[in-house]
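For reference, work_10.pdb (PDB, C-alpha atoms):
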```
ATOM      1  CA  MET V   1       0.000   0.000   0.000
ATOM      2  CA  LEU V   2       1.576   3.216  -1.186
ATOM      3  CA  ILE V   3       0.414   6.743  -0.554
ATOM      4  CA  SER V   4       1.064  10.071  -2.209
ATOM      5  CA  ALA V   5       3.086  12.776  -0.498
ATOM      6  CA  THR V   6       1.178  15.589  -2.262
ATOM      7  CA  ARG V   7       0.953  17.581   0.952
ATOM      8  CA  LEU V   8       4.479  18.713   0.165
ATOM      9  CA  ALA V   9       2.944  20.950  -2.496
ATOM     10  CA  LYS V  10       1.388  23.084   0.248
ATOM     11  CA  LEU V  11       4.813  24.428   1.111
ATOM     12  CA  GLY V  12       4.654  26.714  -1.918
ATOM     13  CA  ARG V  13       1.270  28.349  -1.357
ATOM     14  CA  GLY V  14       2.747  31.682  -0.308
ATOM     15  CA  VAL V  15       4.563  32.227  -3.609
ATOM     16  CA  VAL V  16       2.830  34.616  -6.039
ATOM     17  CA  SER V  17       5.285  34.879  -8.940
ATOM     18  CA  LEU V  18       8.704  33.738 -10.140
ATOM     19  CA  SER V  19      11.121  35.275 -12.574
ATOM     20  CA  ALA V  20      11.756  33.552 -15.911
ATOM     21  CA  CYS V  21      15.174  32.492 -14.648
ATOM     22  CA  CYS V  22      13.681  30.924 -11.533
ATOM     23  CA  LEU V  23      11.056  29.144 -13.625
ATOM     24  CA  LEU V  24      13.744  27.569 -15.791
ATOM     25  CA  ALA V  25      15.667  26.417 -12.728
ATOM     26  CA  PHE V  26      12.418  25.111 -11.218
ATOM     27  CA  ALA V  27      11.619  23.105 -14.370
ATOM     28  CA  ALA V  28      15.136  21.645 -14.511
ATOM     29  CA  ARG V  29      14.897  20.630 -10.857
ATOM     30  CA  ALA V  30      11.476  19.039 -11.476
ATOM     31  CA  ASP V  31      12.863  17.044 -14.409
ATOM     32  CA  ASP V  32      15.769  15.752 -12.320
ATOM     33  CA  LEU V  33      13.457  14.681  -9.498
ATOM     34  CA  GLN V  34      11.005  13.002 -11.874
ATOM     35  CA  ASP V  35      13.883  11.141 -13.494
ATOM     36  CA  ALA V  36      15.193  10.155 -10.063
ATOM     37  CA  SER V  37      11.765   8.839  -9.078
ATOM     38  CA  LYS V  38      11.543   6.720 -12.245
ATOM     39  CA  LEU V  39      15.069   5.378 -11.714
ATOM     40  CA  LEU V  40      14.175   4.432  -8.132
ATOM     41  CA  LYS V  41      11.067   2.555  -9.289
ATOM     42  CA  SER V  42      13.209   0.583 -11.751
ATOM     43  CA  GLY V  43      15.716  -0.317  -9.035
ATOM     44  CA  GLN V  44      18.536   1.905 -10.369
ATOM     45  CA  HIS V  45      19.430   3.316  -6.966
ATOM     46  CA  GLN V  46      22.844   4.791  -7.733
ATOM     47  CA  GLN V  47      21.592   6.660 -10.809
ATOM     48  CA  ALA V  48      18.594   7.953  -8.848
ATOM     49  CA  LEU V  49      20.908   9.103  -6.059
ATOM     50  CA  GLU V  50      23.069  11.006  -8.532
ATOM     51  CA  ARG V  51      20.030  12.921  -9.867
ATOM     52  CA  VAL V  52      18.860  13.787  -6.360
ATOM     53  CA  ASN V  53      22.331  14.913  -5.304
ATOM     54  CA  LYS V  54      22.434  17.163  -8.358
ATOM     55  CA  VAL V  55      19.348  18.994  -7.067
ATOM     56  CA  LEU V  56      20.669  19.084  -3.504
ATOM     57  CA  SER V  57      23.996  20.574  -4.615
ATOM     58  CA  ALA V  58      22.050  23.646  -5.779
ATOM     59  CA  LYS V  59      19.315  23.592  -3.110
ATOM     60  CA  PRO V  60      20.479  21.659  -0.011
ATOM     61  CA  ARG V  61      17.218  22.321   1.867
ATOM     62  CA  ASP V  62      14.870  21.172  -0.919
ATOM     63  CA  PRO V  63      12.258  19.025   0.927
ATOM     64  CA  GLN V  64      11.187  16.944  -2.047
ATOM     65  CA  ALA V  65      14.751  16.009  -3.018
ATOM     66  CA  ARG V  66      15.640  15.168   0.572
ATOM     67  CA  PHE V  67      12.494  13.064   0.934
ATOM     68  CA  LEU V  68      13.286  11.158  -2.261
ATOM     69  CA  LYS V  69      16.833  10.574  -1.064
ATOM     70  CA  GLY V  70      15.430   9.077   2.132
ATOM     71  CA  LEU V  71      13.323   6.702   0.021
ATOM     72  CA  ILE V  72      16.376   5.642  -1.969
ATOM     73  CA  PHE V  73      18.320   4.849   1.201
ATOM     74  CA  THR V  74      15.307   2.980   2.622
ATOM     75  CA  ASP V  75      15.008   0.895  -0.535
ATOM     76  CA  GLN V  76      18.713   0.068  -0.348
ATOM     77  CA  GLY V  77      18.425  -1.018   3.279
ATOM     78  CA  ASN V  78      20.594   1.927   4.394
ATOM     79  CA  THR V  79      18.364   2.627   7.386
ATOM     80  CA  LYS V  80      20.867   4.737   9.322
ATOM     81  CA  ASP V  81      21.064   7.484   6.688
ATOM     82  CA  ALA V  82      17.345   7.179   5.895
ATOM     83  CA  ILE V  83      16.481   7.783   9.557
ATOM     84  CA  GLU V  84      18.820  10.784   9.621
ATOM     85  CA  ILE V  85      17.162  12.330   6.543
ATOM     86  CA  PHE V  86      13.554  11.783   7.658
ATOM     87  CA  THR V  87      14.333  13.001  11.197
ATOM     88  CA  LYS V  88      15.887  16.212   9.841
ATOM     89  CA  LEU V  89      12.833  16.719   7.603
ATOM     90  CA  THR V  90      10.525  16.504  10.636
ATOM     91  CA  GLN V  91      12.628  19.223  12.265
ATOM     92  CA  ASP V  92      12.753  21.527   9.217
ATOM     93  CA  TYR V  93       9.165  20.854   8.048
ATOM     94  CA  PRO V  94       7.230  19.703  11.149
ATOM     95  CA  GLU V  95       3.892  20.226   9.352
ATOM     96  CA  LEU V  96       4.520  17.276   6.985
ATOM     97  CA  PRO V  97       3.159  13.864   8.120
ATOM     98  CA  GLU V  98       4.982  11.681   5.561
ATOM     99  CA  PRO V  99       8.504  11.832   7.090
ATOM    100  CA  TYR V 100       7.064  10.709  10.449
ATOM    101  CA  ASN V 101       5.247   7.848   8.701
ATOM    102  CA  ASN V 102       8.405   6.678   6.959
ATOM    103  CA  LEU V 103      10.370   6.805  10.187
ATOM    104  CA  ALA V 104       7.696   4.514  11.643
ATOM    105  CA  VAL V 105       8.178   2.106   8.711
ATOM    106  CA  ILE V 106      11.878   1.794   9.443
ATOM    107  CA  TYR V 107      11.432   1.488  13.212
ATOM    108  CA  ALA V 108       8.751  -1.203  12.741
ATOM    109  CA  ALA V 109      11.029  -3.157  10.384
ATOM    110  CA  GLN V 110      13.650  -3.088  13.138
ATOM    111  CA  GLY V 111      11.150  -4.290  15.733
ATOM    112  CA  GLN V 112      11.237  -0.917  17.554
ATOM    113  CA  TYR V 113       7.459  -0.680  17.873
ATOM    114  CA  ASP V 114       7.445   1.949  20.635
ATOM    115  CA  LYS V 115       9.451   4.317  18.436
ATOM    116  CA  ALA V 116       7.145   3.533  15.518
ATOM    117  CA  ARG V 117       4.137   4.360  17.694
ATOM    118  CA  VAL V 118       5.565   7.727  18.750
ATOM    119  CA  ALA V 119       6.371   8.664  15.142
ATOM    120  CA  LEU V 120       2.872   7.735  13.920
ATOM    121  CA  GLU V 121       1.175   9.631  16.750
ATOM    122  CA  GLN V 122       3.175  12.708  15.786
ATOM    123  CA  SER V 123       2.196  12.199  12.137
ATOM    124  CA  ILE V 124      -1.471  12.205  13.172
ATOM    125  CA  ARG V 125      -1.049  15.318  15.320
ATOM    126  CA  THR V 126       0.489  17.012  12.299
ATOM    127  CA  HIS V 127      -2.286  15.897   9.945
ATOM    128  CA  PRO V 128      -5.405  14.645  11.854
ATOM    129  CA  SER V 129      -7.070  13.385   8.654
ATOM    130  CA  TYR V 130      -4.084  11.258   7.563
ATOM    131  CA  ALA V 131      -5.904   7.889   7.293
ATOM    132  CA  THR V 132      -2.802   5.845   6.495
ATOM    133  CA  ALA V 133      -1.130   6.878   9.738
ATOM    134  CA  TYR V 134      -4.209   5.776  11.719
ATOM    135  CA  GLU V 135      -4.205   2.370  10.008
ATOM    136  CA  ASN V 136      -0.471   1.965  10.535
ATOM    137  CA  LEU V 137      -0.815   2.958  14.184
ATOM    138  CA  GLY V 138      -3.456   0.264  14.593
ATOM    139  CA  ASP V 139      -1.035  -2.327  13.178
ATOM    140  CA  VAL V 140       1.696  -1.200  15.563
ATOM    141  CA  TYR V 141      -0.671  -1.300  18.556
ATOM    142  CA  ALA V 142      -1.723  -4.803  17.497
ATOM    143  CA  LYS V 143       1.894  -5.940  17.431
ATOM    144  CA  LEU V 144       2.565  -4.413  20.859
ATOM    145  CA  ALA V 145      -0.541  -6.171  22.189
ATOM    146  CA  SER V 146       0.615  -9.461  20.648
ATOM    147  CA  GLN V 147       3.972  -9.142  22.392
ATOM    148  CA  ALA V 148       2.297  -8.370  25.722
ATOM    149  CA  TYR V 149      -0.070 -11.344  25.509
ATOM    150  CA  ASP V 150       2.785 -13.599  24.454
ATOM    151  CA  LYS V 151       4.777 -12.461  27.491
ATOM    152  CA  ALA V 152       1.795 -13.167  29.730
ATOM    153  CA  LEU V 153       1.632 -16.732  28.364
ATOM    154  CA  GLN V 154       5.341 -17.232  28.957
ATOM    155  CA  ILE V 155       4.741 -16.404  32.614
ATOM    156  CA  ASP V 156       1.484 -18.372  32.878
ATOM    157  CA  SER V 157       0.875 -20.830  30.022
ATOM    158  CA  SER V 158      -2.555 -21.744  31.462
ATOM    159  CA  ASN V 159      -3.897 -18.197  31.024
ATOM    160  CA  LYS V 160      -6.861 -18.871  28.707
ATOM    161  CA  GLY V 161      -7.774 -15.196  28.497
ATOM    162  CA  ALA V 162      -4.338 -14.289  27.157
ATOM    163  CA  LYS V 163      -4.485 -17.196  24.690
ATOM    164  CA  ASN V 164      -7.823 -16.064  23.297
ATOM    165  CA  LYS V 165      -6.737 -12.437  23.034
ATOM    166  CA  LEU V 166      -3.465 -13.401  21.356
ATOM    167  CA  SER V 167      -5.381 -15.501  18.823
ATOM    168  CA  LEU V 168      -7.749 -12.610  18.087
ATOM    169  CA  VAL V 169      -4.915 -10.139  17.598
ATOM    170  CA  ARG V 170      -3.032 -12.476  15.257
ATOM    171  CA  GLU V 171      -6.205 -13.124  13.285
ATOM    172  CA  LEU V 172      -6.794  -9.361  13.025
ATOM    173  CA  VAL V 173      -3.376  -8.621  11.506
ATOM    174  CA  GLY V 174      -2.911 -11.957   9.763
ATOM    175  CA  GLY V 175      -0.086 -12.896  12.134
ATOM    176  CA  SER V 176       2.194 -10.392  10.414
ATOM    177  CA  THR V 177       4.397  -7.768  11.978
ATOM    178  CA  ALA V 178       3.715  -4.080  11.609
ATOM    179  CA  ALA V 179       6.892  -3.851   9.580
ATOM    180  CA  ALA V 180       5.226  -5.766   6.797
ATOM    181  CA  THR V 181       1.972  -3.804   6.758
ATOM    182  CA  VAL V 182       2.957  -0.231   7.543
ATOM    183  CA  ALA V 183       2.700   1.884   4.388
ATOM    184  CA  ILE V 184       5.699   3.873   3.260
ATOM    185  CA  ALA V 185       5.023   7.253   1.698
ATOM    186  CA  LYS V 186       6.432   7.647  -1.791
ATOM    187  CA  ALA V 187       8.081  10.707  -3.248
ATOM    188  CA  PRO V 188       5.652  13.234  -4.758
ATOM    189  CA  GLU V 189       5.623  13.378  -8.533
ATOM    190  CA  LYS V 190       4.888  17.120  -8.654
ATOM    191  CA  PRO V 191       7.695  19.561  -7.779
ATOM    192  CA  VAL V 192       7.284  21.772  -4.741
ATOM    193  CA  VAL V 193       8.621  25.188  -3.871
ATOM    194  CA  GLU V 194      10.967  25.234  -0.935
ATOM    195  CA  LYS V 195       9.577  26.813   2.207
ATOM    196  CA  PRO V 196      11.329  30.132   2.933
ATOM    197  CA  ALA V 197      13.704  29.815   5.871
ATOM    198  CA  PRO V 198      16.417  31.967   7.443
ATOM    199  CA  GLU V 199      19.768  31.511   5.806
ATOM    200  CA  LYS V 200      22.108  29.283   7.791
ATOM    201  CA  PRO V 201      25.882  29.699   7.942
ATOM    202  CA  ALA V 202      27.752  27.774   5.261
ATOM    203  CA  VAL V 203      29.326  25.616   7.959
ATOM    204  CA  ALA V 204      25.888  24.324   8.991
ATOM    205  CA  GLU V 205      25.209  22.992   5.481
ATOM    206  CA  LYS V 206      28.487  21.114   5.066
ATOM    207  CA  PRO V 207      27.439  17.952   6.932
ATOM    208  CA  ALA V 208      24.375  17.576   4.664
ATOM    209  CA  GLU V 209      26.438  18.105   1.507
ATOM    210  CA  LYS V 210      29.034  15.649   2.691
ATOM    211  CA  ALA V 211      26.353  13.069   3.439
ATOM    212  CA  ALA V 212      24.957  13.561  -0.049
ATOM    213  CA  GLU V 213      28.308  12.805  -1.646
ATOM    214  CA  LYS V 214      29.222   9.695   0.294
ATOM    215  CA  PRO V 215      28.482   6.330  -1.344
ATOM    216  CA  ALA V 216      25.465   4.385  -0.245
ATOM    217  CA  ALA V 217      26.158   2.116   2.701
ATOM    218  CA  LYS V 218      25.701  -1.626   2.506
ATOM    219  CA  PRO V 219      22.201  -2.847   3.383
ATOM    220  CA  ALA V 220      21.640  -2.876   7.119
ATOM    221  CA  ALA V 221      21.602  -6.229   8.877
ATOM    222  CA  ASP V 222      18.549  -5.305  10.986
ATOM    223  CA  GLY V 223      16.002  -5.919   8.257
ATOM    224  CA  SER V 224      14.367  -4.538   5.150
ATOM    225  CA  ALA V 225      10.762  -3.421   4.886
ATOM    226  CA  GLU V 226      10.768  -4.433   1.225
ATOM    227  CA  VAL V 227      11.830  -8.019   2.019
ATOM    228  CA  LEU V 228       9.314  -8.275   4.849
ATOM    229  CA  ALA V 229       6.571  -6.952   2.593
ATOM    230  CA  ALA V 230       7.291  -9.754   0.116
ATOM    231  CA  VAL V 231       7.209 -12.384   2.881
ATOM    232  CA  ASN V 232       3.928 -10.982   4.168
ATOM    233  CA  ALA V 233       2.393 -11.010   0.672
ATOM    234  CA  TRP V 234       3.541 -14.628   0.233
ATOM    235  CA  ALA V 235       1.797 -15.586   3.487
ATOM    236  CA  GLN V 236      -1.353 -13.689   2.488
ATOM    237  CA  ALA V 237      -1.560 -15.457  -0.888
ATOM    238  CA  TRP V 238      -1.186 -18.780   0.931
ATOM    239  CA  SER V 239      -3.909 -17.791   3.428
ATOM    240  CA  LYS V 240      -6.258 -16.873   0.559
ATOM    241  CA  ARG V 241      -5.630 -20.302  -1.023
ATOM    242  CA  ASP V 242      -4.344 -18.487  -4.116
ATOM    243  CA  ALA V 243      -2.037 -21.197  -5.445
ATOM    244  CA  ASP V 244      -0.837 -19.166  -8.439
ATOM    245  CA  GLY V 245      -0.067 -16.125  -6.306
ATOM    246  CA  TYR V 246       1.619 -18.269  -3.647
ATOM    247  CA  LEU V 247       3.818 -20.120  -6.156
ATOM    248  CA  SER V 248       4.790 -16.866  -7.908
ATOM    249  CA  TYR V 249       6.915 -16.014  -4.858
ATOM    250  CA  TYR V 250       9.224 -18.962  -5.568
ATOM    251  CA  ALA V 251      12.179 -18.217  -7.838
ATOM    252  CA  ALA V 252      12.854 -20.150 -11.030
ATOM    253  CA  ASP V 253      15.898 -21.744  -9.358
ATOM    254  CA  PHE V 254      14.030 -22.626  -6.143
ATOM    255  CA  LYS V 255      15.481 -25.735  -4.511
ATOM    256  CA  ALA V 256      12.629 -28.138  -3.823
ATOM    257  CA  PRO V 257      13.017 -30.130  -0.568
ATOM    258  CA  GLY V 258      14.656 -33.551  -0.728
ATOM    259  CA  LYS V 259      15.091 -35.008  -4.194
ATOM    260  CA  GLU V 260      11.654 -33.893  -5.371
ATOM    261  CA  SER V 261      11.480 -32.203  -8.782
ATOM    262  CA  ARG V 262      10.112 -28.670  -9.066
ATOM    263  CA  ALA V 263       7.128 -29.930 -11.092
ATOM    264  CA  ASP V 264       6.241 -32.599  -8.514
ATOM    265  CA  TRP V 265       6.685 -30.146  -5.646
ATOM    266  CA  GLU V 266       4.385 -27.575  -7.293
ATOM    267  CA  LYS V 267       1.761 -30.246  -8.007
ATOM    268  CA  ALA V 268       1.820 -31.352  -4.358
ATOM    269  CA  ARG V 269       1.537 -27.750  -3.107
ATOM    270  CA  ARG V 270      -1.436 -27.038  -5.371
ATOM    271  CA  THR V 271      -3.173 -30.220  -4.190
ATOM    272  CA  ARG V 272      -2.714 -29.363  -0.514
ATOM    273  CA  ILE V 273      -3.856 -25.763  -0.954
ATOM    274  CA  SER V 274      -6.982 -26.687  -2.942
ATOM    275  CA  ALA V 275      -7.850 -29.513  -0.524
ATOM    276  CA  ALA V 276      -8.032 -27.184   2.478
ATOM    277  CA  LYS V 277     -11.294 -25.323   3.093
ATOM    278  CA  THR V 278      -9.572 -22.623   5.141
ATOM    279  CA  ILE V 279      -5.932 -21.641   5.663
ATOM    280  CA  LYS V 280      -4.375 -19.110   8.013
ATOM    281  CA  VAL V 281      -0.638 -18.416   7.930
ATOM    282  CA  GLY V 282       0.833 -16.145  10.575
ATOM    283  CA  ILE V 283       4.346 -14.699  10.593
ATOM    284  CA  ASP V 284       5.818 -13.575  13.894
ATOM    285  CA  SER V 285       9.164 -12.167  15.090
ATOM    286  CA  PRO V 286      10.872 -12.048  11.671
ATOM    287  CA  LYS V 287      14.589 -11.324  11.450
ATOM    288  CA  VAL V 288      16.100 -10.259   8.121
ATOM    289  CA  THR V 289      19.793 -10.607   7.336
ATOM    290  CA  MET V 290      20.900  -8.837   4.161
ATOM    291  CA  SER V 291      23.866 -10.412   2.354
ATOM    292  CA  GLY V 292      23.893  -7.901  -0.475
ATOM    293  CA  SER V 293      21.477  -5.579  -2.239
ATOM    294  CA  ASN V 294      19.785  -8.531  -3.973
ATOM    295  CA  SER V 295      19.937 -11.345  -1.425
ATOM    296  CA  ALA V 296      18.576 -11.874   2.067
ATOM    297  CA  THR V 297      17.733 -14.538   4.637
ATOM    298  CA  VAL V 298      14.543 -14.291   6.710
ATOM    299  CA  VAL V 299      13.983 -16.319   9.882
ATOM    300  CA  PHE V 300      10.581 -16.204  11.618
ATOM    301  CA  GLN V 301       7.996 -18.104  13.640
ATOM    302  CA  GLN V 302       5.367 -19.551  11.291
ATOM    303  CA  ASN V 303       1.917 -20.370  12.650
ATOM    304  CA  TYR V 304      -0.121 -22.471  10.213
ATOM    305  CA  GLN V 305      -3.739 -23.490  10.653
ATOM    306  CA  SER V 306      -6.229 -25.111   8.277
ATOM    307  CA  ASP V 307      -9.550 -26.860   8.811
ATOM    308  CA  THR V 308      -7.695 -30.154   9.302
ATOM    309  CA  PHE V 309      -4.189 -29.326  10.475
ATOM    310  CA  LYS V 310      -2.365 -26.934  12.806
ATOM    311  CA  SER V 311       1.376 -26.395  13.320
ATOM    312  CA  ALA V 312       3.893 -23.854  14.562
ATOM    313  CA  GLY V 313       7.654 -23.678  14.127
ATOM    314  CA  ARG V 314      10.639 -21.720  12.926
ATOM    315  CA  LYS V 315      11.067 -21.201   9.194
ATOM    316  CA  THR V 316      13.975 -19.869   7.147
ATOM    317  CA  LEU V 317      13.580 -18.353   3.687
ATOM    318  CA  VAL V 318      16.605 -17.660   1.501
ATOM    319  CA  MET V 319      15.485 -14.880  -0.840
ATOM    320  CA  ALA V 320      16.809 -13.137  -3.944
ATOM    321  CA  LYS V 321      15.675 -10.049  -5.798
ATOM    322  CA  SER V 322      14.746 -10.536  -9.447
ATOM    323  CA  GLY V 323      13.837  -7.282 -11.185
ATOM    324  CA  ASP V 324      11.636  -5.482  -8.684
ATOM    325  CA  ARG V 325      10.455  -8.623  -6.825
ATOM    326  CA  TRP V 326      11.857 -10.579  -3.913
ATOM    327  CA  GLN V 327      11.435 -14.343  -4.409
ATOM    328  CA  ILE V 328      12.220 -17.481  -2.426
ATOM    329  CA  ARG V 329      15.207 -19.577  -3.515
ATOM    330  CA  GLU V 330      15.278 -21.967  -0.582
ATOM    331  CA  GLU V 331      12.847 -22.857   2.225
ATOM    332  CA  LYS V 332      13.736 -24.621   5.453
ATOM    333  CA  SER V 333      11.446 -25.609   8.316
ATOM    334  CA  ASN V 334      12.320 -26.655  11.863
TER     335      ASN V 334
END
```
Is it possible to give me this structure as structure tokens?
Amino acid sequence: MLISATRLAKLGRGVVSLSACCLLAFAARADDLQDASKLLKSGQHQQALERVNKVLSAKPRDPQARFLKGLIFTDQGNTKDAIEIFTKLTQDYPELPEPYNNLAVIYAAQGQYDKARVALEQSIRTHPSYATAYENLGDVYAKLASQAYDKALQIDSSNKGAKNKLSLVRELVGGSTAAATVAIAKAPEKPVVEKPAPEKPAVAEKPAEKAAEKPAAKPAADGSAEVLAAVNAWAQAWSKRDADGYLSYYAADFKAPGKESRADWEKARRTRISAAKTIKVGIDSPKVTMSGSNSATVVFQQNYQSDTFKSAGRKTLVMAKSGDRWQIREEKSN
């Protein structure tokens, strides 16, 4: 679920006219940002970053360019720099809800649900009619509740009330973590005019310029919202008994278990999925380890329930990115 960041356009409402020179510069900047957005969508992160840095070299405070740069870093798994950019945007443009929302996405992917909650509450205070933030906040609250009920059961496994509540919460969110369902705001497609602000000393701008020039860091080891989103979608397709959708998340070079051929494995999976009247697949406590920009390993607790069978256990998915999709290359169950 993606949302538009068109509220950024409100930053330019106080501008009445621009000189021809400014209009030309504005159009050039808009072209660079539109190109950067297209490059990001096609997975060309370095080229997108170069276009954004070109805009930032001329206008270091440009909110749209900075926001887009945060998206690029998020997509790369460079959460440290993405957090820095979105945090600075909330300080410079506190009236915008999208930077708070995207901070919540990153915090949720890291399992820092309290931080995600605070960021989403601030997003709502900034923009009380921001529906996406309310929905995301509900997902985060559900995850916090799930953790609390789970802790209660660890202390007292006979607590039927906690068991029932935990089951209800997991059914409500499909057993997924907030990291997989929280929506990340995308960069606006229309250019915006920078909000007038007092000039800062040149020394104050140097850290931002330096950050813009440094190469993108390697994907963080604490998880990727994009990978988790793919895992969540895989589980949802399975829960809907959508065999085609479910199987589409397995890569062409997927290693079928044992000595079974891919064709036989697919046939068996389709038979089991169609035979079940109901299926619920829950994913809990996922941990993502990035081993490059196009490969990752995800370990999580899988809770499976159908009308005839119920199981729970740890699962490991070895995943690879093909084009703009993350797919499963290997699947291991404990």
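Atom CA of V:Tyr141 lies 20.6 Å from atom CA of V:Ala233.
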Proximity of stretch 238-324 of chain V to stretch 64-84 of chain V: per-residue shortest pair, 12 Å limit, only C-alpha atoms, as CSV:
```
residue,atom,partner,partner_atom,distance
V:Val288,CA,V:Gly77,CA,10.7
V:Thr289,CA,V:Gly77,CA,10.5
V:Met290,CA,V:Gly77,CA,8.2
V:Ser291,CA,V:Gly77,CA,10.9
V:Gly292,CA,V:Gln76,CA,9.5
V:Ser293,CA,V:Gln76,CA,6.6
V:Asn294,CA,V:Gln76,CA,9.4
V:Ser295,CA,V:Gly77,CA,11.4
V:Ala296,CA,V:Gly77,CA,10.9
V:Lys321,CA,V:Gln76,CA,11.9
V:Asp324,CA,V:Asp75,CA,10.9
```
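We find atom CA of V:Thr297 and atom CA of V:Val318 to be spaced 4.6 Å apart.
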Would you list the contacts of V:Gln327 as JSON, numbers by chain, taking every protein, DNA or RNA residue within 9 Å and counting all atoms listed in the file, but skipping same-chain residues closer than 5 positions in sequence? {"V": [230, 231, 248, 249, 250, 251, 252, 254, 318, 319, 320, 321, 322]}
Which protein, DNA or RNA residues have an atom at most 6 Å from (8.6, -21.2, 8.0), counting all atoms listed in the file? List them as an MDAnalysis selection string. chainID V and resid 302 314:316 333
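Across the model, the gap from atom CA of V:Phe309 to atom CA of V:Arg241 is 14.7 Å.
Among the candidate residues V:Gln301, V:Ser261, V:Ser146, V:Ser239, the one lying nearest to V:Ser285 is V:Gln301, with distances computed using all atoms listed in the file.
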Neighbour list for V:Tyr134 as a count of residues only, cut-off 12 Å, all atoms listed in the file, skip fewer than 4 positions in-chain: 21
Reconstruct N, CA, C and O atoms of stretch 112-124 of chain V from the incomplete input and present them as a PDB file, in the coordinates of the input.
```
ATOM      1  N   GLN V 112      11.316  -1.982  16.548  1.00  0.00           N
ATOM      2  CA  GLN V 112      11.237  -0.917  17.554  1.00  0.00           C
ATOM      3  C   GLN V 112       9.825  -0.304  17.505  1.00  0.00           C
ATOM      4  O   GLN V 112       9.620   0.800  17.019  1.00  0.00           O
ATOM      5  N   TYR V 113       8.857  -1.061  18.028  1.00  0.00           N
ATOM      6  CA  TYR V 113       7.459  -0.680  17.873  1.00  0.00           C
ATOM      7  C   TYR V 113       7.077   0.541  18.714  1.00  0.00           C
ATOM      8  O   TYR V 113       6.168   1.291  18.336  1.00  0.00           O
ATOM      9  N   ASP V 114       7.736   0.751  19.843  1.00  0.00           N
ATOM     10  CA  ASP V 114       7.445   1.949  20.635  1.00  0.00           C
ATOM     11  C   ASP V 114       7.852   3.208  19.875  1.00  0.00           C
ATOM     12  O   ASP V 114       7.124   4.206  19.863  1.00  0.00           O
ATOM     13  N   LYS V 115       9.010   3.173  19.234  1.00  0.00           N
ATOM     14  CA  LYS V 115       9.451   4.317  18.436  1.00  0.00           C
ATOM     15  C   LYS V 115       8.508   4.532  17.253  1.00  0.00           C
ATOM     16  O   LYS V 115       8.196   5.666  16.889  1.00  0.00           O
ATOM     17  N   ALA V 116       8.075   3.429  16.637  1.00  0.00           N
ATOM     18  CA  ALA V 116       7.145   3.533  15.518  1.00  0.00           C
ATOM     19  C   ALA V 116       5.839   4.174  15.978  1.00  0.00           C
ATOM     20  O   ALA V 116       5.262   5.018  15.279  1.00  0.00           O
ATOM     21  N   ARG V 117       5.379   3.798  17.155  1.00  0.00           N
ATOM     22  CA  ARG V 117       4.137   4.360  17.694  1.00  0.00           C
ATOM     23  C   ARG V 117       4.258   5.871  17.898  1.00  0.00           C
ATOM     24  O   ARG V 117       3.373   6.644  17.496  1.00  0.00           O
ATOM     25  N   VAL V 118       5.359   6.296  18.496  1.00  0.00           N
ATOM     26  CA  VAL V 118       5.565   7.727  18.750  1.00  0.00           C
ATOM     27  C   VAL V 118       5.579   8.509  17.435  1.00  0.00           C
ATOM     28  O   VAL V 118       4.968   9.584  17.325  1.00  0.00           O
ATOM     29  N   ALA V 119       6.277   7.973  16.430  1.00  0.00           N
ATOM     30  CA  ALA V 119       6.371   8.664  15.142  1.00  0.00           C
ATOM     31  C   ALA V 119       4.996   8.776  14.479  1.00  0.00           C
ATOM     32  O   ALA V 119       4.649   9.825  13.914  1.00  0.00           O
ATOM     33  N   LEU V 120       4.196   7.704  14.542  1.00  0.00           N
ATOM     34  CA  LEU V 120       2.872   7.735  13.920  1.00  0.00           C
ATOM     35  C   LEU V 120       1.923   8.668  14.660  1.00  0.00           C
ATOM     36  O   LEU V 120       1.098   9.351  14.046  1.00  0.00           O
ATOM     37  N   GLU V 121       2.020   8.711  15.981  1.00  0.00           N
ATOM     38  CA  GLU V 121       1.175   9.631  16.750  1.00  0.00           C
ATOM     39  C   GLU V 121       1.505  11.080  16.397  1.00  0.00           C
ATOM     40  O   GLU V 121       0.613  11.925  16.311  1.00  0.00           O
ATOM     41  N   GLN V 122       2.789  11.362  16.188  1.00  0.00           N
ATOM     42  CA  GLN V 122       3.175  12.708  15.786  1.00  0.00           C
ATOM     43  C   GLN V 122       2.670  13.024  14.375  1.00  0.00           C
ATOM     44  O   GLN V 122       2.248  14.137  14.077  1.00  0.00           O
ATOM     45  N   SER V 123       2.712  12.020  13.492  1.00  0.00           N
ATOM     46  CA  SER V 123       2.196  12.199  12.137  1.00  0.00           C
ATOM     47  C   SER V 123       0.717  12.577  12.170  1.00  0.00           C
ATOM     48  O   SER V 123       0.264  13.459  11.432  1.00  0.00           O
ATOM     49  N   ILE V 124      -0.045  11.929  13.053  1.00  0.00           N
ATOM     50  CA  ILE V 124      -1.471  12.205  13.172  1.00  0.00           C
ATOM     51  C   ILE V 124      -1.712  13.584  13.778  1.00  0.00           C
ATOM     52  O   ILE V 124      -2.637  14.304  13.359  1.00  0.00           O
TER      53      ILE V 124
END
```
